[in-house]
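Dumped protein_11.csv below, it's CSV, C-alpha atoms:
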chain,number,residue,atom,x,y,z
A,1058,MET,CA,99.2,71.7,99.2
A,1059,SER,CA,101.2,73.0,102.2
A,1060,PHE,CA,99.5,74.9,105.0
A,1061,THR,CA,100.6,77.4,107.7
A,1062,LEU,CA,98.6,77.3,110.9
A,1063,GLY,CA,98.3,79.9,113.7
A,1064,ILE,CA,96.3,80.6,116.8
A,1065,LEU,CA,94.6,83.9,117.8
A,1066,ASP,CA,94.1,84.0,121.6
A,1067,GLN,CA,91.8,86.7,123.0
A,1068,SER,CA,92.6,86.1,126.7
A,1069,ILE,CA,89.0,85.7,127.5
A,1070,VAL,CA,88.0,85.8,131.2
A,1071,PHE,CA,85.5,83.0,131.4
A,1072,PRO,CA,83.0,82.8,134.2
A,1073,GLY,CA,84.6,81.8,137.5
A,1074,GLN,CA,88.1,82.9,136.2
A,1075,SER,CA,90.2,85.9,137.1
A,1076,ALA,CA,92.1,88.1,134.6
A,1077,ALA,CA,95.3,86.7,136.0
A,1078,GLU,CA,94.1,83.1,135.2
A,1079,ALA,CA,93.1,84.1,131.7
A,1080,LEU,CA,96.5,85.6,130.9
A,1081,LYS,CA,98.3,82.6,132.4
A,1082,ASN,CA,96.3,80.4,130.1
A,1083,THR,CA,97.3,82.6,127.1
A,1084,VAL,CA,100.9,82.0,128.0
A,1085,GLU,CA,100.4,78.3,128.3
A,1086,VAL,CA,98.6,78.1,125.0
A,1087,ALA,CA,101.5,80.0,123.3
A,1088,LYS,CA,104.0,77.5,124.8
A,1089,LEU,CA,101.8,74.6,123.6
A,1090,ALA,CA,101.5,76.1,120.1
A,1091,GLU,CA,105.3,76.3,119.9
A,1092,SER,CA,105.7,72.7,121.1
A,1093,LEU,CA,103.1,71.5,118.5
A,1094,GLY,CA,104.8,73.3,115.7
A,1095,TYR,CA,102.3,76.1,114.9
A,1096,ASP,CA,103.7,78.9,112.8
A,1097,ARG,CA,102.3,81.9,114.6
A,1098,PHE,CA,100.5,83.0,117.8
A,1099,TRP,CA,98.6,86.3,117.9
A,1100,VAL,CA,97.0,88.1,120.8
A,1101,ALA,CA,94.1,90.5,120.5
A,1102,GLU,CA,93.4,94.1,121.7
A,1103,HIS,CA,90.2,94.8,123.7
A,1104,HIS,CA,89.3,97.8,125.9
A,1105,ASP,CA,87.0,98.5,128.8
A,1106,SER,CA,85.8,94.9,129.0
A,1107,ALA,CA,85.9,92.8,132.2
A,1108,GLY,CA,85.5,89.7,130.0
A,1109,VAL,CA,88.8,90.1,128.2
A,1110,ALA,CA,92.2,90.6,129.8
A,1111,GLY,CA,94.2,91.4,126.7
A,1112,SER,CA,94.1,95.2,126.5
A,1113,SER,CA,97.8,95.8,125.7
A,1114,PRO,CA,99.0,93.4,123.0
A,1115,GLU,CA,102.5,95.0,122.8
A,1116,VAL,CA,103.1,94.2,126.5
A,1117,LEU,CA,101.7,90.7,126.1
A,1118,VAL,CA,103.7,90.0,123.0
A,1119,SER,CA,106.9,91.0,124.8
A,1120,TYR,CA,106.2,88.5,127.6
A,1121,LEU,CA,105.3,85.7,125.2
A,1122,LEU,CA,108.5,86.2,123.2
A,1123,ALA,CA,110.4,85.8,126.5
A,1124,GLN,CA,108.5,82.6,127.3
A,1125,THR,CA,109.0,81.0,123.8
A,1126,GLN,CA,111.9,80.3,121.5
A,1127,LYS,CA,111.0,80.0,117.9
A,1128,ILE,CA,107.3,80.6,117.2
A,1129,ARG,CA,106.3,83.9,115.6
A,1130,ILE,CA,104.4,86.1,118.0
A,1131,GLY,CA,102.2,89.1,117.1
A,1132,SER,CA,99.3,91.3,117.6
A,1133,GLY,CA,95.9,90.4,116.1
A,1134,GLY,CA,95.8,93.3,116.2
A,1135,VAL,CA,97.0,96.7,117.3
A,1136,MET,CA,94.2,99.2,116.8
A,1137,LEU,CA,96.3,101.8,115.0
A,1138,GLN,CA,93.5,104.4,114.7
A,1139,HIS,CA,94.0,105.2,118.4
A,1140,TYR,CA,97.8,105.6,118.4
A,1141,SER,CA,100.8,107.4,117.1
A,1142,PRO,CA,102.5,105.3,114.3
A,1143,TYR,CA,105.8,106.6,115.6
A,1144,LYS,CA,105.2,105.1,119.1
A,1145,VAL,CA,103.8,101.9,117.7
A,1146,ALA,CA,107.0,101.6,115.6
A,1147,GLU,CA,109.2,102.2,118.6
A,1148,ASN,CA,107.4,99.4,120.5
A,1149,PHE,CA,107.7,96.9,117.8
A,1150,ASN,CA,111.2,97.9,116.8
A,1151,VAL,CA,112.3,97.1,120.3
A,1152,LEU,CA,110.5,93.7,120.2
A,1153,ALA,CA,112.0,92.9,116.7
A,1154,THR,CA,115.5,93.8,118.0
A,1155,LEU,CA,115.1,91.5,120.9
A,1156,ALA,CA,113.6,88.6,118.9
A,1157,PRO,CA,114.7,89.0,115.2
A,1158,GLY,CA,112.4,87.4,112.7
A,1159,ARG,CA,109.7,86.4,115.3
A,1160,VAL,CA,107.6,89.6,115.6
A,1161,GLU,CA,104.4,90.3,113.6
A,1162,ILE,CA,102.1,93.3,113.8
A,1163,GLY,CA,98.6,92.8,112.8
A,1164,VAL,CA,96.7,96.1,112.4
A,1165,GLY,CA,93.0,96.2,113.0
A,1166,ARG,CA,90.4,98.8,111.8
A,1167,ALA,CA,87.9,98.1,114.6
A,1168,PRO,CA,87.9,100.3,117.8
A,1169,GLY,CA,88.5,97.3,120.0
A,1170,GLY,CA,85.9,98.5,122.5
A,1171,LEU,CA,82.9,100.7,123.1
A,1172,PRO,CA,82.7,104.4,122.3
A,1173,ARG,CA,83.8,105.6,125.8
A,1174,SER,CA,87.1,103.7,125.5
A,1175,THR,CA,87.7,105.1,122.1
A,1176,LYS,CA,87.2,108.6,123.5
A,1177,ALA,CA,89.6,107.9,126.3
A,1178,LEU,CA,92.3,106.4,123.9
A,1179,GLN,CA,92.0,109.3,121.5
A,1180,LYS,CA,91.8,112.1,124.1
A,1181,GLY,CA,93.6,115.2,123.0
A,1182,ILE,CA,93.7,114.2,119.3
A,1183,ALA,CA,92.3,117.1,117.4
A,1184,GLU,CA,92.8,116.0,113.8
A,1185,PRO,CA,93.3,112.2,113.5
A,1186,GLU,CA,95.0,110.9,110.5
A,1187,THR,CA,93.3,108.3,108.2
A,1188,LEU,CA,94.3,104.7,108.8
A,1189,ASP,CA,95.7,104.7,105.3
A,1190,ASP,CA,98.1,107.6,106.2
A,1191,LYS,CA,99.0,105.9,109.5
A,1192,LEU,CA,99.9,102.7,107.8
A,1193,VAL,CA,102.2,104.4,105.5
A,1194,GLU,CA,103.9,106.2,108.4
A,1195,LEU,CA,104.1,103.0,110.4
A,1196,LYS,CA,105.7,101.1,107.6
A,1197,ASN,CA,108.3,103.8,107.1
A,1198,PHE,CA,109.2,104.1,110.8
A,1199,LEU,CA,109.6,100.3,111.1
A,1200,ASN,CA,112.3,100.4,108.4
A,1201,ALA,CA,114.1,103.7,108.2
A,1202,PRO,CA,114.3,107.4,109.4
A,1203,ALA,CA,111.6,109.8,108.2
A,1204,GLY,CA,112.2,111.1,104.7
A,1205,GLU,CA,112.6,114.7,103.6
A,1206,THR,CA,108.8,115.0,102.9
A,1207,HIS,CA,107.9,114.1,106.5
A,1208,ALA,CA,107.0,116.9,108.9
A,1209,GLN,CA,110.0,115.8,111.0
A,1210,PRO,CA,112.7,114.8,108.5
A,1211,GLY,CA,115.2,112.3,109.9
A,1212,LEU,CA,113.0,111.3,112.9
A,1213,THR,CA,113.9,107.7,113.7
A,1214,ALA,CA,112.0,105.0,115.7
A,1215,HIS,CA,115.1,103.7,117.4
A,1216,PRO,CA,116.3,101.0,117.5
A,1217,LEU,CA,116.0,100.0,113.8
A,1218,PRO,CA,116.1,96.2,113.8
A,1219,GLY,CA,117.8,94.0,111.2
A,1220,GLN,CA,114.5,92.2,110.7
A,1221,PRO,CA,111.6,94.6,111.3
A,1222,ALA,CA,108.2,93.3,112.5
A,1223,ARG,CA,106.0,92.3,109.5
A,1224,ILE,CA,102.7,94.1,109.1
A,1225,TYR,CA,99.5,92.3,108.4
A,1226,MET,CA,96.2,94.1,107.6
A,1227,LEU,CA,93.2,92.6,109.5
A,1228,GLY,CA,89.7,93.0,108.3
A,1229,THR,CA,86.1,91.8,107.7
A,1230,SER,CA,85.1,93.8,104.6
A,1231,VAL,CA,85.9,94.7,101.1
A,1232,SER,CA,87.2,98.1,102.2
A,1233,SER,CA,89.8,96.5,104.5
A,1234,ALA,CA,90.8,94.3,101.6
A,1235,GLU,CA,91.2,97.3,99.3
A,1236,LEU,CA,93.4,99.0,102.0
A,1237,ALA,CA,95.6,95.9,102.3
A,1238,ALA,CA,95.9,95.7,98.5
A,1239,LYS,CA,96.8,99.4,98.1
A,1240,GLN,CA,99.5,99.2,100.8
A,1241,GLY,CA,100.9,95.9,99.5
A,1242,LEU,CA,100.4,94.1,102.8
A,1243,PRO,CA,99.4,90.5,103.8
A,1244,TYR,CA,95.7,90.4,104.6
A,1245,ALA,CA,93.8,88.3,107.1
A,1246,PHE,CA,90.0,88.1,106.7
A,1247,ALA,CA,88.3,87.4,110.1
A,1248,LEU,CA,85.6,84.9,109.1
A,1249,PHE,CA,85.0,84.4,112.9
A,1250,ILE,CA,83.7,88.0,113.0
A,1251,ASN,CA,82.0,88.3,109.6
A,1252,SER,CA,80.9,84.8,108.5
A,1253,ASP,CA,79.1,86.0,105.4
A,1254,PRO,CA,80.7,83.9,102.6
A,1255,GLU,CA,79.9,86.4,99.9
A,1256,THR,CA,81.6,89.2,101.7
A,1257,ALA,CA,84.6,87.0,102.4
A,1258,ARG,CA,84.9,85.9,98.8
A,1259,ALA,CA,84.5,89.5,97.5
A,1260,ALA,CA,87.1,90.8,100.0
A,1261,LEU,CA,89.7,88.1,99.1
A,1262,ASP,CA,89.0,88.5,95.3
A,1263,THR,CA,89.4,92.3,95.6
A,1264,TYR,CA,92.6,91.9,97.6
A,1265,ARG,CA,94.2,89.7,94.9
A,1266,THR,CA,93.0,91.7,91.9
A,1267,GLN,CA,93.9,95.1,93.3
A,1268,PHE,CA,97.1,94.1,95.0
A,1269,ASN,CA,99.9,96.8,94.5
A,1270,THR,CA,103.1,94.9,93.6
A,1271,GLU,CA,105.1,98.2,93.5
A,1272,HIS,CA,106.0,97.6,97.2
A,1273,GLY,CA,107.8,94.4,96.2
A,1274,GLY,CA,105.4,91.9,97.6
A,1275,GLU,CA,102.8,89.4,96.3
A,1276,PRO,CA,99.3,88.8,97.7
A,1277,GLU,CA,99.3,86.7,100.9
A,1278,ALA,CA,95.9,85.9,102.3
A,1279,ILE,CA,95.0,84.4,105.7
A,1280,LEU,CA,91.6,83.1,106.8
A,1281,ALA,CA,91.0,83.5,110.5
A,1282,LEU,CA,88.1,81.4,111.8
A,1283,SER,CA,86.5,79.8,114.8
A,1284,VAL,CA,87.3,76.1,115.1
A,1285,ILE,CA,86.5,73.5,117.7
A,1286,ALA,CA,87.9,70.0,117.3
A,1287,ALA,CA,87.2,67.1,119.7
A,1288,ASP,CA,87.5,63.4,119.9
A,1289,THR,CA,83.8,62.9,118.9
A,1290,GLU,CA,81.3,64.8,116.9
A,1291,GLU,CA,78.9,64.9,119.9
A,1292,GLU,CA,81.6,66.5,122.1
A,1293,ALA,CA,82.5,69.1,119.5
A,1294,ASN,CA,78.8,70.1,119.0
A,1295,ALA,CA,78.3,70.4,122.7
A,1296,LEU,CA,81.4,72.6,123.1
A,1297,ALA,CA,80.2,74.8,120.3
A,1298,GLY,CA,77.1,75.3,122.3
A,1299,GLN,CA,75.0,78.4,121.5
A,1300,HIS,CA,77.6,80.8,120.4
A,1301,LYS,CA,76.1,83.9,118.7
A,1302,THR,CA,77.4,86.9,116.8
A,1303,VAL,CA,75.6,90.2,116.6
A,1304,ARG,CA,76.0,92.9,114.0
A,1305,ALA,CA,74.8,96.3,115.0
A,1306,THR,CA,74.2,99.2,112.6
A,1307,LEU,CA,74.0,102.7,114.0
A,1308,ALA,CA,71.8,105.5,112.5
A,1309,SER,CA,75.0,107.1,111.1
A,1310,GLY,CA,75.6,103.9,109.0
A,1311,LYS,CA,78.5,102.7,111.1
A,1312,THR,CA,78.5,98.9,111.7
A,1313,VAL,CA,80.1,97.0,114.6
A,1314,ASN,CA,80.3,93.3,115.4
A,1315,VAL,CA,79.7,92.3,119.0
A,1316,GLN,CA,79.0,89.2,121.0
A,1317,THR,CA,75.6,89.9,122.5
A,1318,LEU,CA,72.5,92.0,122.0
A,1319,GLU,CA,73.2,93.7,125.3
A,1320,GLN,CA,76.6,94.8,124.0
A,1321,ALA,CA,75.0,96.2,120.9
A,1322,ALA,CA,72.6,98.2,123.0
A,1323,GLU,CA,75.4,99.5,125.2
A,1324,PHE,CA,77.5,100.5,122.1
A,1325,ALA,CA,74.6,102.5,120.7
A,1326,ARG,CA,73.9,104.1,124.1
A,1327,GLN,CA,77.5,105.3,124.4
A,1328,ALA,CA,77.5,106.5,120.8
A,1329,GLY,CA,74.3,108.4,121.4
A,1330,GLU,CA,72.7,106.9,118.3
A,1331,ALA,CA,69.7,104.8,117.4
A,1332,TYR,CA,70.6,101.4,116.0
A,1333,THR,CA,69.4,98.0,114.7
A,1334,ALA,CA,70.9,94.7,115.5
A,1335,VAL,CA,70.9,91.3,113.8
A,1336,GLU,CA,71.8,88.2,115.8
A,1337,ARG,CA,72.9,84.9,114.2
A,1338,GLU,CA,74.5,81.6,115.0
A,1339,ALA,CA,78.2,81.8,115.1
A,1340,ASP,CA,80.0,80.1,112.2
A,1341,ILE,CA,82.1,77.5,114.0
A,1342,THR,CA,83.9,74.7,112.1
A,1343,ARG,CA,83.5,71.8,114.5
A,1344,GLY,CA,83.9,68.1,114.7
A,1345,THR,CA,86.5,65.4,114.9
A,1346,LYS,CA,89.9,66.1,113.4
A,1347,GLU,CA,88.8,64.3,110.3
A,1348,THR,CA,85.7,66.3,109.9
A,1349,VAL,CA,87.5,69.6,110.6
A,1350,ARG,CA,90.2,68.7,108.2
A,1351,LYS,CA,87.7,68.1,105.4
A,1352,ARG,CA,85.9,71.4,106.1
A,1353,LEU,CA,89.2,73.4,106.2
A,1354,LEU,CA,90.3,71.8,102.9
A,1355,GLU,CA,87.0,72.9,101.4
A,1356,LEU,CA,87.5,76.4,102.7
A,1357,SER,CA,91.0,76.4,101.3
A,1358,GLU,CA,89.6,75.6,97.9
A,1359,GLU,CA,86.7,78.0,98.2
A,1360,TYR,CA,88.7,81.0,99.2
A,1361,GLY,CA,92.1,80.2,97.7
A,1362,VAL,CA,94.0,80.3,100.9
A,1363,ASN,CA,96.6,78.0,102.4
A,1364,SER,CA,97.1,79.8,105.7
A,1365,PHE,CA,94.7,79.7,108.6
A,1366,VAL,CA,94.6,81.3,112.1
A,1367,PHE,CA,92.3,79.6,114.6
A,1368,THR,CA,90.4,81.0,117.5
A,1369,THR,CA,88.8,78.5,119.8
A,1370,ILE,CA,86.5,79.7,122.5
A,1371,ILE,CA,86.1,76.9,125.0
A,1372,PRO,CA,85.9,77.8,128.7
A,1373,ASP,CA,87.5,74.5,129.9
A,1374,PHE,CA,91.3,74.9,129.4
A,1375,GLU,CA,92.0,71.2,128.9
A,1376,GLN,CA,89.3,70.8,126.2
A,1377,ARG,CA,90.6,74.0,124.5
A,1378,THR,CA,94.2,72.7,124.4
A,1379,ARG,CA,93.0,69.3,123.2
A,1380,SER,CA,91.3,71.1,120.3
A,1381,PHE,CA,94.6,72.7,119.2
A,1382,GLN,CA,96.3,69.3,119.5
A,1383,LEU,CA,93.8,67.7,117.2
A,1384,LEU,CA,93.9,70.5,114.7
A,1385,LYS,CA,97.6,70.2,114.4
A,1386,GLU,CA,97.3,66.4,114.0
A,1387,ALA,CA,94.8,66.9,111.2
A,1388,PHE,CA,97.4,68.5,109.1
A,1389,THR,CA,100.5,66.6,110.0
A,1390,GLY,CA,102.7,66.2,106.9
A,1391,GLU,CA,101.1,69.1,105.1
A,1392,LEU,CA,102.6,72.1,106.9
A,1393,VAL,CA,105.0,74.6,105.5
Show me the file's structure as structure tokens.
Amino acid sequence: MSFTLGILDQSIVFPGQSAAEALKNTVEVAKLAESLGYDRFWVAEHHDSAGVAGSSPEVLVSYLLAQTQKIRIGSGGVMLQHYSPYKVAENFNVLATLAPGRVEIGVGRAPGGLPRSTKALQKGIAEPETLDDKLVELKNFLNAPAGETHAQPGLTAHPLPGQPARIYMLGTSVSSAELAAKQGLPYAFALFINSDPETARAALDTYRTQFNTEHGGEPEAILALSVIAADTEEEANALAGQHKTVRATLASGKTVNVQTLEQAAEFARQAGEAYTAVEREADITRGTKETVRKRLLELSEEYGVNSFVFTTIIPDFEQRTRSFQLLKEAFTGELV
């Protein structure tokens, strides 16, 4: 089987670092990914967080495209719920015109921050559209002028590129899989956020069985997961450390995945709701390149995917880049 491999970089500001250093490291990892032959490099969107420097993926994607030559660069993802599909289409049409065939736009359903940043981002929006409606509008604006049924017929997100940015739906649930299937979009399940295997399996099965082929595509699934590769098992285990994930459930029924119990409490405080939180060990595929390769092949078989996106949270930059080198070596000769 042939595989495609990508990297998701969250521009984390590790202790002792500045935001400028975190962004510089993101640029260096993108260059490394291209030199190693990775297929794609995505950057995340987070708001109102001193621990993450990547608040504007469109701007960062633009800079990374200018610093690389061939690798596909994209958002992982743009939080479309906050924005005008028309403006997002303009941004990515400019990028796709500058770098034909290299731009990808992952769309996320999460807010990308705590309630106060969501309020700030959506200030002045009286009647927000559903994400479903926004996706339809975004797809249309990336490809052509608005049709006669649109509120502004003929409206165009200039410039219209010869090769528009490709949209990917990102998610952690069956409902996100249903949306991706309905829209006929490629779908990336974030196992590094929701590591429940039953949910992942149900989401990917739902995506394939409900996929709408009327848009001209076929199901294309990606598994995004945390991976740490090292030269020894002991080093990999030490690097994985005590990473945790926390799932908070508000009284309204809304759920959110955060990194710490403190973040869960702050989210609930800003939302003005009671909450419960469950903390668990982060699901990190770890080990030597042989061990990691074996596990990834098992995951490929288990979930029926041949495309992976890796996120690797290691504070030491040299150890993080070594992990990406070993991951690539693990699949040499089996890449698309």
Quick one: residues within 8 Å of region 1248-1265 of chain A, only C-alpha atoms, excluding same-chain residues fewer than 3 positions away - as a list in words?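 Listed by chain and then number, they are Thr1229, Ser1230, Val1231, Ser1232, Ser1233, Ala1234, Glu1235, Ala1237, Ala1238, Tyr1244, Phe1268, Pro1276, Ala1278, Leu1280, Ala1281, Leu1282, Ser1283, Thr1302, Asn1314, Ala1339, Asp1340, Ile1341, Tyr1360 and Thr1368 of chain A.
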Could you tell me, as a PDB file with C-alpha atoms, keeping the file's coordinate frame, which residues have any atom at most 10 Å from (102.5, 100.9, 118.0), counting only C-alpha atoms?
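Okay, point05.pdb is ready:
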ATOM      1  CA  PRO A1114      99.000  93.400 123.000  1.00  0.00           C
ATOM      2  CA  GLU A1115     102.500  95.000 122.800  1.00  0.00           C
ATOM      3  CA  VAL A1135      97.000  96.700 117.300  1.00  0.00           C
ATOM      4  CA  MET A1136      94.200  99.200 116.800  1.00  0.00           C
ATOM      5  CA  LEU A1137      96.300 101.800 115.000  1.00  0.00           C
ATOM      6  CA  HIS A1139      94.000 105.200 118.400  1.00  0.00           C
ATOM      7  CA  TYR A1140      97.800 105.600 118.400  1.00  0.00           C
ATOM      8  CA  SER A1141     100.800 107.400 117.100  1.00  0.00           C
ATOM      9  CA  PRO A1142     102.500 105.300 114.300  1.00  0.00           C
ATOM     10  CA  TYR A1143     105.800 106.600 115.600  1.00  0.00           C
ATOM     11  CA  LYS A1144     105.200 105.100 119.100  1.00  0.00           C
ATOM     12  CA  VAL A1145     103.800 101.900 117.700  1.00  0.00           C
ATOM     13  CA  ALA A1146     107.000 101.600 115.600  1.00  0.00           C
ATOM     14  CA  GLU A1147     109.200 102.200 118.600  1.00  0.00           C
ATOM     15  CA  ASN A1148     107.400  99.400 120.500  1.00  0.00           C
ATOM     16  CA  PHE A1149     107.700  96.900 117.800  1.00  0.00           C
ATOM     17  CA  ASN A1150     111.200  97.900 116.800  1.00  0.00           C
ATOM     18  CA  ILE A1162     102.100  93.300 113.800  1.00  0.00           C
ATOM     19  CA  VAL A1164      96.700  96.100 112.400  1.00  0.00           C
ATOM     20  CA  LEU A1195     104.100 103.000 110.400  1.00  0.00           C
ATOM     21  CA  LEU A1199     109.600 100.300 111.100  1.00  0.00           C
TER      22      LEU A1199
END
What gap, in Å, lies between CA of Lys1127 (chain A) and CA of Leu1065 (chain A)?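 Separation between CA of Lys1127 (chain A) and CA of Leu1065 (chain A): 16.9 Å.
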Within 10 Å of Arg1379 (chain A) using all atoms listed in the file, minus same-chain residues under 5 positions, as a list in words: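 Non-adjacent residues within range: Ile1285, Ala1286, Ala1287, Asp1288, Phe1374, Leu1384 and Lys1385 of chain A.
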Best match for closeness to Gln1376 (chain A) among A:Val1116, A:Thr1083, A:Lys1196, A:Ala1293, counting all atoms listed in the file: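 Closest residue, counting all atoms listed in the file: A:Ala1293.
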Using CA of Glu1291 (chain A) and CA of Glu1078 (chain A) as the two end points, give the distance in Å to one decimal. 28.2 Å
Between A:Gln1126, A:Ser1174, A:Asn1200, A:Thr1312, single out the one closest to Ser1106 (chain A), counting all atoms listed in the file. A:Ser1174
Of the listed residues A:Asp1190, A:Glu1085, A:Phe1381, A:Val1070, that which approaches His1207 (chain A) most closely, counting all atoms listed in the file: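 The answer is A:Asp1190, which sits nearest to His1207 (chain A).
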Could you please determine the separation between CA of Glu1323 (chain A) and CA of Ala1308 (chain A) in Å, to one decimal place?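 Separation between CA of Glu1323 (chain A) and CA of Ala1308 (chain A): 14.5 Å.
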Skip Val1313 (chain A) itself and residues of its chain fewer than 6 positions away, then list as an MDAnalysis selection string all residues within 7 Å of it, counting all atoms listed in the file. chainID A and resid 1304:1306
Exercise: residues within 6 Å of coordinate (91.5, 98.1, 122.9), counting all atoms listed in the file, as a list in words: Glu1102, His1103, His1104, Ser1112, Gly1169 and Gly1170 of chain A
May I have the selected residues written with C-alpha atoms, as a tab-separated table (two decimals), keeping the file's coordinate frame?
chain	number	residue	atom	x	y	z
A	1102	GLU	CA	93.40	94.10	121.70
A	1103	HIS	CA	90.20	94.80	123.70
A	1104	HIS	CA	89.30	97.80	125.90
A	1112	SER	CA	94.10	95.20	126.50
A	1169	GLY	CA	88.50	97.30	120.00
A	1170	GLY	CA	85.90	98.50	122.50
Measuring between all atoms listed in the file, which one of A:Leu1093, A:Gly1298, A:Asp1066, A:Gln1220 shows the shortest distance to Glu1338 (chain A)? A:Gly1298
Selected residue of minimal separation from Thr1369 (chain A) among A:Thr1213, A:Ser1059, A:Gln1327, A:Gln1067, counting only C-alpha atoms: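 Comparing A:Thr1213, A:Ser1059, A:Gln1327, A:Gln1067 against Thr1369 (chain A), the winner is A:Gln1067.
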For Ile1069 (chain A): contacts at 9 Å, all atoms listed in the file, fewer than 2 positions along chain excluded, given as a list in words: Asp1066, Gln1067, Phe1071, Ala1076, Ala1079, Leu1080, Thr1083, Gly1108, Val1109, Ala1110, Gly1111, Ile1370 and Pro1372 of chain A
Taking all atoms listed in the file into account, which of A:Asp1105, A:Ala1245, A:Lys1176, A:Val1151 comes nearest Pro1218 (chain A)?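 Checking each of A:Asp1105, A:Ala1245, A:Lys1176, A:Val1151 against Pro1218 (chain A), counting all atoms listed in the file, the winner is A:Val1151.
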